[in-house]
Amino acid sequence: MEIFEAIRILILFAISFIVALFLTPFVAHFLQRHGLRKKNIRDEASAPIFYSLHKGKSNTPTMGGVVIWLTVLGLALIFLAADGLFDGFATYFNFVNRAETYLPLAALFLAALVGLFDDLFGILGKGPHGGGLSVPQKLALYAAVAAVGAWWFYFKLGFNVLFIPFVGTVTIGWWYIPFFILVLTATAFSANETDGLDGLAGGVLLFSFMAFAVVAFVLHRYDLAAMNAATIGALLAFLWFNIYPARFFMGDTGSMSLGITLGVMAMLTNTALLLPFFAFIFVVESCSVIVQVLSKKIRKKKIFLSTPIHHHFEAMGWPESQVTMRFWIVSAVATTLGLVFFFLARFI
């Protein structure tokens, strides 16, 4: 019965929050004690506005996103192992399911590892500019992760259709593969762009995963909904320590892995075209960067004071916490609209 599935999902959310809340102080202490801070390659000369706004954060450690994916993957493994050893109760909480959660869990793990190495390279001052992997290197690695997923979806699972709200399902054939890669890399890099203010990326991701929890539940993919709930619980615990003034940053290991997992959720539920609503802030942040770069190359002048756009509002005089909270509000409204379109397209 759906009521028991809903109870299971809510309990998993609570368990994830409690586990992550217990784990986070230890992770924060470890990061601070060992000085795991990423070298800032945006200095006063290359980015004076950004530097003036954030020079006081140079001592804040990174890689705090470890708490999120470690909690989700840890709970998945614990309940999977318990299900194999015990009957009944453990089976109730096991959300590892080949048809629903193998792929998002694998994407979360692989992208988290790539992000972890990137963060470590940045901390050690490695890479082309001493700030970790270059953008082309990141793009190649995350596109490779996405390509593996695209191959599996298309050749193993037979996915080759795209749901267009109010139109219906359209077969796109092999175009599904590049579309899949585009969606996953776009969500990963957009989430990373948003991770620039205390609590911003975590809060926006919270609303996005809430939306996919609802979508998955409505589609009767209860294990997928449970994984979303576990992610939400871990994100809330992370935000407890990441809201202004943050004790640590999410880092690439958190933002890139959660972004790419969000893309997998969209493809699994065939709601990729609703991502602009479910991840509205991510779209705006990335578009602001693209428009700024094109304007500087073509017009030789900037449109925004600083990008991504959250820095523009900071430069206008908005306090950091105000920018974050207002972006959360916009994200909540956009996500709600996305769910309205989802329900209308599904039931009308």
# chains A, B, ... in the order shown; residues from 1 in each chain; ligands from 1
$ residues_around --residues "Pro308 (chain A)" --least-positions-apart "6" --cutoff "8 Å" --atoms "only C-alpha atoms" --output "PDB file with C-alpha atoms, in the first residue's frame"
ATOM      1  CA  GLU A 193      28.456  27.100 -10.795  1.00  0.00           C
ATOM      2  CA  THR A 194      25.786  27.616  -8.117  1.00  0.00           C
ATOM      3  CA  GLU A 285      23.445  30.666 -13.134  1.00  0.00           C
ATOM      4  CA  SER A 286      24.895  28.868 -16.163  1.00  0.00           C
ATOM      5  CA  SER A 288      24.597  34.212 -16.863  1.00  0.00           C
ATOM      6  CA  VAL A 289      28.124  32.834 -17.259  1.00  0.00           C
TER       7      VAL A 289
END
$ residues_around --residues "Glu314 (chain A)" --least-positions-apart "2" --cutoff "10 Å" --atoms "only C-alpha atoms" --output "ChimeraX atom specification"
/A:49-50,53,197,305-306,309-312,316-323
$ write_last_selection --atoms "N, CA and C atoms" --output "PDB file, in the first residue's frame"
ATOM      1  N   ILE A  49      36.206  42.137  -8.280  1.00  0.00           N
ATOM      2  CA  ILE A  49      34.922  42.178  -7.572  1.00  0.00           C
ATOM      3  C   ILE A  49      34.730  40.925  -6.739  1.00  0.00           C
ATOM      4  N   PHE A  50      34.976  39.763  -7.360  1.00  0.00           N
ATOM      5  CA  PHE A  50      34.860  38.495  -6.636  1.00  0.00           C
ATOM      6  C   PHE A  50      35.814  38.481  -5.444  1.00  0.00           C
ATOM      7  N   LEU A  53      34.659  40.554  -2.519  1.00  0.00           N
ATOM      8  CA  LEU A  53      33.487  39.998  -1.840  1.00  0.00           C
ATOM      9  C   LEU A  53      33.806  38.780  -0.996  1.00  0.00           C
ATOM     10  N   LEU A 197      27.974  30.554  -2.802  1.00  0.00           N
ATOM     11  CA  LEU A 197      27.598  31.276  -1.583  1.00  0.00           C
ATOM     12  C   LEU A 197      27.222  30.274  -0.500  1.00  0.00           C
ATOM     13  N   LEU A 305      27.996  42.594 -13.310  1.00  0.00           N
ATOM     14  CA  LEU A 305      29.160  43.056 -12.557  1.00  0.00           C
ATOM     15  C   LEU A 305      30.116  41.901 -12.291  1.00  0.00           C
ATOM     16  N   SER A 306      29.550  40.731 -12.031  1.00  0.00           N
ATOM     17  CA  SER A 306      30.342  39.524 -11.788  1.00  0.00           C
ATOM     18  C   SER A 306      29.447  38.315 -12.023  1.00  0.00           C
ATOM     19  N   ILE A 309      25.621  34.728 -11.609  1.00  0.00           N
ATOM     20  CA  ILE A 309      24.793  35.891 -11.328  1.00  0.00           C
ATOM     21  C   ILE A 309      24.602  36.174  -9.834  1.00  0.00           C
ATOM     22  N   HIS A 310      24.788  35.173  -8.965  1.00  0.00           N
ATOM     23  CA  HIS A 310      24.658  35.455  -7.532  1.00  0.00           C
ATOM     24  C   HIS A 310      25.720  36.473  -7.083  1.00  0.00           C
ATOM     25  N   HIS A 311      26.888  36.464  -7.733  1.00  0.00           N
ATOM     26  CA  HIS A 311      27.923  37.444  -7.405  1.00  0.00           C
ATOM     27  C   HIS A 311      27.540  38.840  -7.911  1.00  0.00           C
ATOM     28  N   HIS A 312      26.766  38.895  -8.989  1.00  0.00           N
ATOM     29  CA  HIS A 312      26.283  40.177  -9.500  1.00  0.00           C
ATOM     30  C   HIS A 312      25.420  40.876  -8.451  1.00  0.00           C
ATOM     31  N   MET A 316      25.953  44.312  -6.241  1.00  0.00           N
ATOM     32  CA  MET A 316      24.961  45.389  -6.197  1.00  0.00           C
ATOM     33  C   MET A 316      24.682  45.849  -4.767  1.00  0.00           C
ATOM     34  N   GLY A 317      25.164  45.072  -3.790  1.00  0.00           N
ATOM     35  CA  GLY A 317      24.982  45.453  -2.397  1.00  0.00           C
ATOM     36  C   GLY A 317      24.079  44.545  -1.590  1.00  0.00           C
ATOM     37  N   TRP A 318      23.552  43.484  -2.219  1.00  0.00           N
ATOM     38  CA  TRP A 318      22.738  42.542  -1.461  1.00  0.00           C
ATOM     39  C   TRP A 318      23.634  41.739  -0.517  1.00  0.00           C
ATOM     40  N   PRO A 319      23.269  41.608   0.754  1.00  0.00           N
ATOM     41  CA  PRO A 319      24.037  40.736   1.651  1.00  0.00           C
ATOM     42  C   PRO A 319      23.998  39.291   1.150  1.00  0.00           C
ATOM     43  N   GLU A 320      25.062  38.558   1.431  1.00  0.00           N
ATOM     44  CA  GLU A 320      25.164  37.175   0.953  1.00  0.00           C
ATOM     45  C   GLU A 320      23.971  36.326   1.371  1.00  0.00           C
ATOM     46  N   SER A 321      23.578  36.428   2.635  1.00  0.00           N
ATOM     47  CA  SER A 321      22.459  35.613   3.124  1.00  0.00           C
ATOM     48  C   SER A 321      21.157  35.995   2.431  1.00  0.00           C
ATOM     49  N   GLN A 322      21.014  37.260   2.048  1.00  0.00           N
ATOM     50  CA  GLN A 322      19.812  37.711   1.348  1.00  0.00           C
ATOM     51  C   GLN A 322      19.748  37.126  -0.061  1.00  0.00           C
ATOM     52  N   VAL A 323      20.871  37.101  -0.750  1.00  0.00           N
ATOM     53  CA  VAL A 323      20.928  36.495  -2.081  1.00  0.00           C
ATOM     54  C   VAL A 323      20.541  35.022  -1.991  1.00  0.00           C
TER      55      VAL A 323
END
$ closest_residue --among "A:Phe313, A:Phe30, A:Phe248, A:Phe277" --to "Thr60 (chain A)" --atoms "only C-alpha atoms"
A:Phe248
$ closest_residue --among "A:Asn192, A:Thr269, A:Thr24, A:Thr187" --to "Thr253 (chain A)" --atoms "only C-alpha atoms"
A:Asn192
$ closest_residue --among "A:Phe343, A:Phe86, A:Phe282, A:Tyr102" --to "Met265 (chain A)" --atoms "only C-alpha atoms"
A:Tyr102
$ select_by_dssp --residues "region 296-340 of chain A" --states "alpha helix (DSSP H)" --output "ChimeraX atom specification"
/A:296-298,309-315,320-340
$ write_last_selection --atoms "N, CA and C atoms" --output "PDB file, in the first residue's frame"
ATOM      1  N   LYS A 296      31.696  39.589 -23.459  1.00  0.00           N
ATOM      2  CA  LYS A 296      33.078  40.077 -23.355  1.00  0.00           C
ATOM      3  C   LYS A 296      33.871  39.803 -24.626  1.00  0.00           C
ATOM      4  N   LYS A 297      33.565  38.679 -25.286  1.00  0.00           N
ATOM      5  CA  LYS A 297      34.284  38.343 -26.520  1.00  0.00           C
ATOM      6  C   LYS A 297      33.794  39.146 -27.712  1.00  0.00           C
ATOM      7  N   ILE A 298      32.471  39.344 -27.797  1.00  0.00           N
ATOM      8  CA  ILE A 298      31.883  40.007 -28.962  1.00  0.00           C
ATOM      9  C   ILE A 298      31.809  41.521 -28.784  1.00  0.00           C
ATOM     10  N   ILE A 309      25.621  34.728 -11.609  1.00  0.00           N
ATOM     11  CA  ILE A 309      24.793  35.891 -11.328  1.00  0.00           C
ATOM     12  C   ILE A 309      24.602  36.174  -9.834  1.00  0.00           C
ATOM     13  N   HIS A 310      24.788  35.173  -8.965  1.00  0.00           N
ATOM     14  CA  HIS A 310      24.658  35.455  -7.532  1.00  0.00           C
ATOM     15  C   HIS A 310      25.720  36.473  -7.083  1.00  0.00           C
ATOM     16  N   HIS A 311      26.888  36.464  -7.733  1.00  0.00           N
ATOM     17  CA  HIS A 311      27.923  37.444  -7.405  1.00  0.00           C
ATOM     18  C   HIS A 311      27.540  38.840  -7.911  1.00  0.00           C
ATOM     19  N   HIS A 312      26.766  38.895  -8.989  1.00  0.00           N
ATOM     20  CA  HIS A 312      26.283  40.177  -9.500  1.00  0.00           C
ATOM     21  C   HIS A 312      25.420  40.876  -8.451  1.00  0.00           C
ATOM     22  N   PHE A 313      24.500  40.117  -7.838  1.00  0.00           N
ATOM     23  CA  PHE A 313      23.631  40.695  -6.824  1.00  0.00           C
ATOM     24  C   PHE A 313      24.421  41.085  -5.574  1.00  0.00           C
ATOM     25  N   GLU A 314      25.436  40.303  -5.247  1.00  0.00           N
ATOM     26  CA  GLU A 314      26.310  40.682  -4.143  1.00  0.00           C
ATOM     27  C   GLU A 314      26.995  42.016  -4.433  1.00  0.00           C
ATOM     28  N   ALA A 315      27.500  42.148  -5.658  1.00  0.00           N
ATOM     29  CA  ALA A 315      28.204  43.373  -6.051  1.00  0.00           C
ATOM     30  C   ALA A 315      27.265  44.574  -6.059  1.00  0.00           C
ATOM     31  N   GLU A 320      25.062  38.558   1.431  1.00  0.00           N
ATOM     32  CA  GLU A 320      25.164  37.175   0.953  1.00  0.00           C
ATOM     33  C   GLU A 320      23.971  36.326   1.371  1.00  0.00           C
ATOM     34  N   SER A 321      23.578  36.428   2.635  1.00  0.00           N
ATOM     35  CA  SER A 321      22.459  35.613   3.124  1.00  0.00           C
ATOM     36  C   SER A 321      21.157  35.995   2.431  1.00  0.00           C
ATOM     37  N   GLN A 322      21.014  37.260   2.048  1.00  0.00           N
ATOM     38  CA  GLN A 322      19.812  37.711   1.348  1.00  0.00           C
ATOM     39  C   GLN A 322      19.748  37.126  -0.061  1.00  0.00           C
ATOM     40  N   VAL A 323      20.871  37.101  -0.750  1.00  0.00           N
ATOM     41  CA  VAL A 323      20.928  36.495  -2.081  1.00  0.00           C
ATOM     42  C   VAL A 323      20.541  35.022  -1.991  1.00  0.00           C
ATOM     43  N   THR A 324      21.121  34.335  -1.019  1.00  0.00           N
ATOM     44  CA  THR A 324      20.851  32.906  -0.850  1.00  0.00           C
ATOM     45  C   THR A 324      19.376  32.646  -0.591  1.00  0.00           C
ATOM     46  N   MET A 325      18.807  33.372   0.352  1.00  0.00           N
ATOM     47  CA  MET A 325      17.402  33.139   0.710  1.00  0.00           C
ATOM     48  C   MET A 325      16.462  33.461  -0.451  1.00  0.00           C
ATOM     49  N   ARG A 326      16.750  34.528  -1.172  1.00  0.00           N
ATOM     50  CA  ARG A 326      15.885  34.882  -2.302  1.00  0.00           C
ATOM     51  C   ARG A 326      15.993  33.868  -3.438  1.00  0.00           C
ATOM     52  N   PHE A 327      17.187  33.338  -3.646  1.00  0.00           N
ATOM     53  CA  PHE A 327      17.356  32.296  -4.649  1.00  0.00           C
ATOM     54  C   PHE A 327      16.636  31.020  -4.217  1.00  0.00           C
ATOM     55  N   TRP A 328      16.621  30.742  -2.917  1.00  0.00           N
ATOM     56  CA  TRP A 328      15.855  29.598  -2.405  1.00  0.00           C
ATOM     57  C   TRP A 328      14.363  29.777  -2.721  1.00  0.00           C
ATOM     58  N   ILE A 329      13.863  30.992  -2.493  1.00  0.00           N
ATOM     59  CA  ILE A 329      12.442  31.273  -2.735  1.00  0.00           C
ATOM     60  C   ILE A 329      12.104  31.086  -4.210  1.00  0.00           C
ATOM     61  N   VAL A 330      12.942  31.630  -5.075  1.00  0.00           N
ATOM     62  CA  VAL A 330      12.725  31.479  -6.518  1.00  0.00           C
ATOM     63  C   VAL A 330      12.752  30.004  -6.905  1.00  0.00           C
ATOM     64  N   SER A 331      13.683  29.270  -6.329  1.00  0.00           N
ATOM     65  CA  SER A 331      13.793  27.842  -6.605  1.00  0.00           C
ATOM     66  C   SER A 331      12.543  27.097  -6.160  1.00  0.00           C
ATOM     67  N   ALA A 332      12.016  27.446  -4.996  1.00  0.00           N
ATOM     68  CA  ALA A 332      10.804  26.798  -4.483  1.00  0.00           C
ATOM     69  C   ALA A 332       9.615  27.059  -5.398  1.00  0.00           C
ATOM     70  N   VAL A 333       9.476  28.285  -5.862  1.00  0.00           N
ATOM     71  CA  VAL A 333       8.356  28.640  -6.749  1.00  0.00           C
ATOM     72  C   VAL A 333       8.494  27.921  -8.092  1.00  0.00           C
ATOM     73  N   ALA A 334       9.705  27.935  -8.668  1.00  0.00           N
ATOM     74  CA  ALA A 334       9.931  27.278  -9.959  1.00  0.00           C
ATOM     75  C   ALA A 334       9.702  25.774  -9.871  1.00  0.00           C
ATOM     76  N   THR A 335      10.154  25.174  -8.784  1.00  0.00           N
ATOM     77  CA  THR A 335       9.946  23.736  -8.582  1.00  0.00           C
ATOM     78  C   THR A 335       8.463  23.411  -8.475  1.00  0.00           C
ATOM     79  N   THR A 336       7.728  24.252  -7.758  1.00  0.00           N
ATOM     80  CA  THR A 336       6.276  24.058  -7.631  1.00  0.00           C
ATOM     81  C   THR A 336       5.597  24.129  -8.993  1.00  0.00           C
ATOM     82  N   LEU A 337       6.000  25.104  -9.815  1.00  0.00           N
ATOM     83  CA  LEU A 337       5.442  25.226 -11.162  1.00  0.00           C
ATOM     84  C   LEU A 337       5.765  23.986 -11.993  1.00  0.00           C
ATOM     85  N   GLY A 338       6.988  23.485 -11.846  1.00  0.00           N
ATOM     86  CA  GLY A 338       7.372  22.275 -12.566  1.00  0.00           C
ATOM     87  C   GLY A 338       6.498  21.093 -12.187  1.00  0.00           C
ATOM     88  N   LEU A 339       6.188  20.965 -10.899  1.00  0.00           N
ATOM     89  CA  LEU A 339       5.319  19.872 -10.444  1.00  0.00           C
ATOM     90  C   LEU A 339       3.888  20.066 -10.952  1.00  0.00           C
ATOM     91  N   VAL A 340       3.444  21.304 -11.020  1.00  0.00           N
ATOM     92  CA  VAL A 340       2.106  21.578 -11.577  1.00  0.00           C
ATOM     93  C   VAL A 340       2.041  21.112 -13.024  1.00  0.00           C
TER      94      VAL A 340
END
$ residues_around --residues "Thr185 (chain A)" --least-positions-apart "3" --cutoff "10 Å" --atoms "only C-alpha atoms" --output "count of residues only"
21
$ closest_residue --among "A:Ala345, A:Phe304, A:Ile177, A:Pro128" --to "Leu273 (chain A)" --atoms "only C-alpha atoms"
A:Ala345
$ select_by_dssp --residues "region 86-309 of chain A" --states "strand (DSSP E or B)" --output "list of chain:residue names"
A:Val161, A:Leu162, A:Phe163, A:Ile164, A:Gly168, A:Thr169, A:Val170, A:Thr171
$ residues_around --residues "Leu133 (chain A)" --least-positions-apart "6" --cutoff "12 Å" --atoms "only C-alpha atoms" --output "short mmCIF file (atom, residue, chain, number, x, y, z; two decimals) with N, CA and C atoms, in the first residue's frame"
data_model
loop_
_atom_site.label_atom_id
_atom_site.label_comp_id
_atom_site.auth_asym_id
_atom_site.auth_seq_id
_atom_site.Cartn_x
_atom_site.Cartn_y
_atom_site.Cartn_z
N LYS A 38 40.87 24.77 -0.76
CA LYS A 38 41.23 24.84 -2.17
C LYS A 38 41.90 26.17 -2.47
N ILE A 41 42.12 30.47 -7.39
CA ILE A 41 42.83 30.93 -8.58
C ILE A 41 42.24 32.26 -9.10
N VAL A 114 35.47 11.54 -8.87
CA VAL A 114 36.13 12.50 -9.77
C VAL A 114 36.23 13.86 -9.08
N GLY A 115 35.13 14.29 -8.46
CA GLY A 115 35.13 15.57 -7.74
C GLY A 115 36.09 15.59 -6.57
N LEU A 116 36.21 14.44 -5.88
CA LEU A 116 37.11 14.34 -4.74
C LEU A 116 38.57 14.53 -5.18
N PHE A 117 38.94 13.88 -6.28
CA PHE A 117 40.30 14.03 -6.79
C PHE A 117 40.54 15.46 -7.28
N ASP A 118 39.53 16.06 -7.88
CA ASP A 118 39.65 17.44 -8.33
C ASP A 118 39.86 18.38 -7.14
N ASP A 119 39.08 18.18 -6.09
CA ASP A 119 39.24 18.99 -4.88
C ASP A 119 40.64 18.81 -4.28
N LEU A 120 41.10 17.58 -4.22
CA LEU A 120 42.42 17.30 -3.66
C LEU A 120 43.53 17.95 -4.50
N PHE A 121 43.39 17.90 -5.83
CA PHE A 121 44.36 18.55 -6.71
C PHE A 121 44.38 20.05 -6.44
N GLY A 122 43.18 20.63 -6.23
CA GLY A 122 43.09 22.06 -5.94
C GLY A 122 43.73 22.41 -4.61
N ILE A 123 43.53 21.56 -3.62
CA ILE A 123 44.12 21.79 -2.30
C ILE A 123 45.64 21.72 -2.37
N LEU A 124 46.15 20.79 -3.17
CA LEU A 124 47.59 20.60 -3.31
C LEU A 124 48.23 21.56 -4.31
N GLY A 125 47.39 22.38 -4.95
CA GLY A 125 47.92 23.32 -5.93
C GLY A 125 48.34 22.68 -7.23
N LYS A 126 47.74 21.53 -7.54
CA LYS A 126 48.07 20.83 -8.78
C LYS A 126 47.13 21.28 -9.90
N GLY A 127 47.49 20.93 -11.12
CA GLY A 127 46.66 21.27 -12.26
C GLY A 127 47.26 22.39 -13.08
N LEU A 139 35.30 18.40 -18.08
CA LEU A 139 34.26 18.09 -19.06
C LEU A 139 34.45 16.69 -19.64
N ALA A 140 35.68 16.34 -19.94
CA ALA A 140 35.96 15.01 -20.50
C ALA A 140 35.63 13.91 -19.50
N LEU A 141 35.99 14.10 -18.24
CA LEU A 141 35.75 13.07 -17.23
C LEU A 141 34.27 12.89 -16.93
N TYR A 142 33.55 14.00 -16.75
CA TYR A 142 32.13 13.88 -16.43
C TYR A 142 31.33 13.45 -17.65
N ASP A 252 33.69 20.28 -5.26
CA ASP A 252 33.28 19.57 -6.47
C ASP A 252 32.77 18.17 -6.16
#
$ atom_distance --atom1 "CA of Tyr176 (chain A)" --atom2 "CA of Phe159 (chain A)"
7.6 Å
$ atom_distance --atom1 "CA of Leu77 (chain A)" --atom2 "CA of Ala225 (chain A)"
16.9 Å
$ closest_residue --among "A:Leu200, A:Glu2, A:Ala272, A:Asn228" --to "Phe179 (chain A)" --atoms "only C-alpha atoms"
A:Ala272
$ closest_residue --among "A:Ile281, A:Leu36, A:Leu184, A:Ala99" --to "Met267 (chain A)" --atoms "only C-alpha atoms"
A:Leu184
$ atom_distance --atom1 "CA of Ile243 (chain A)" --atom2 "CA of Asp198 (chain A)"
5.2 Å
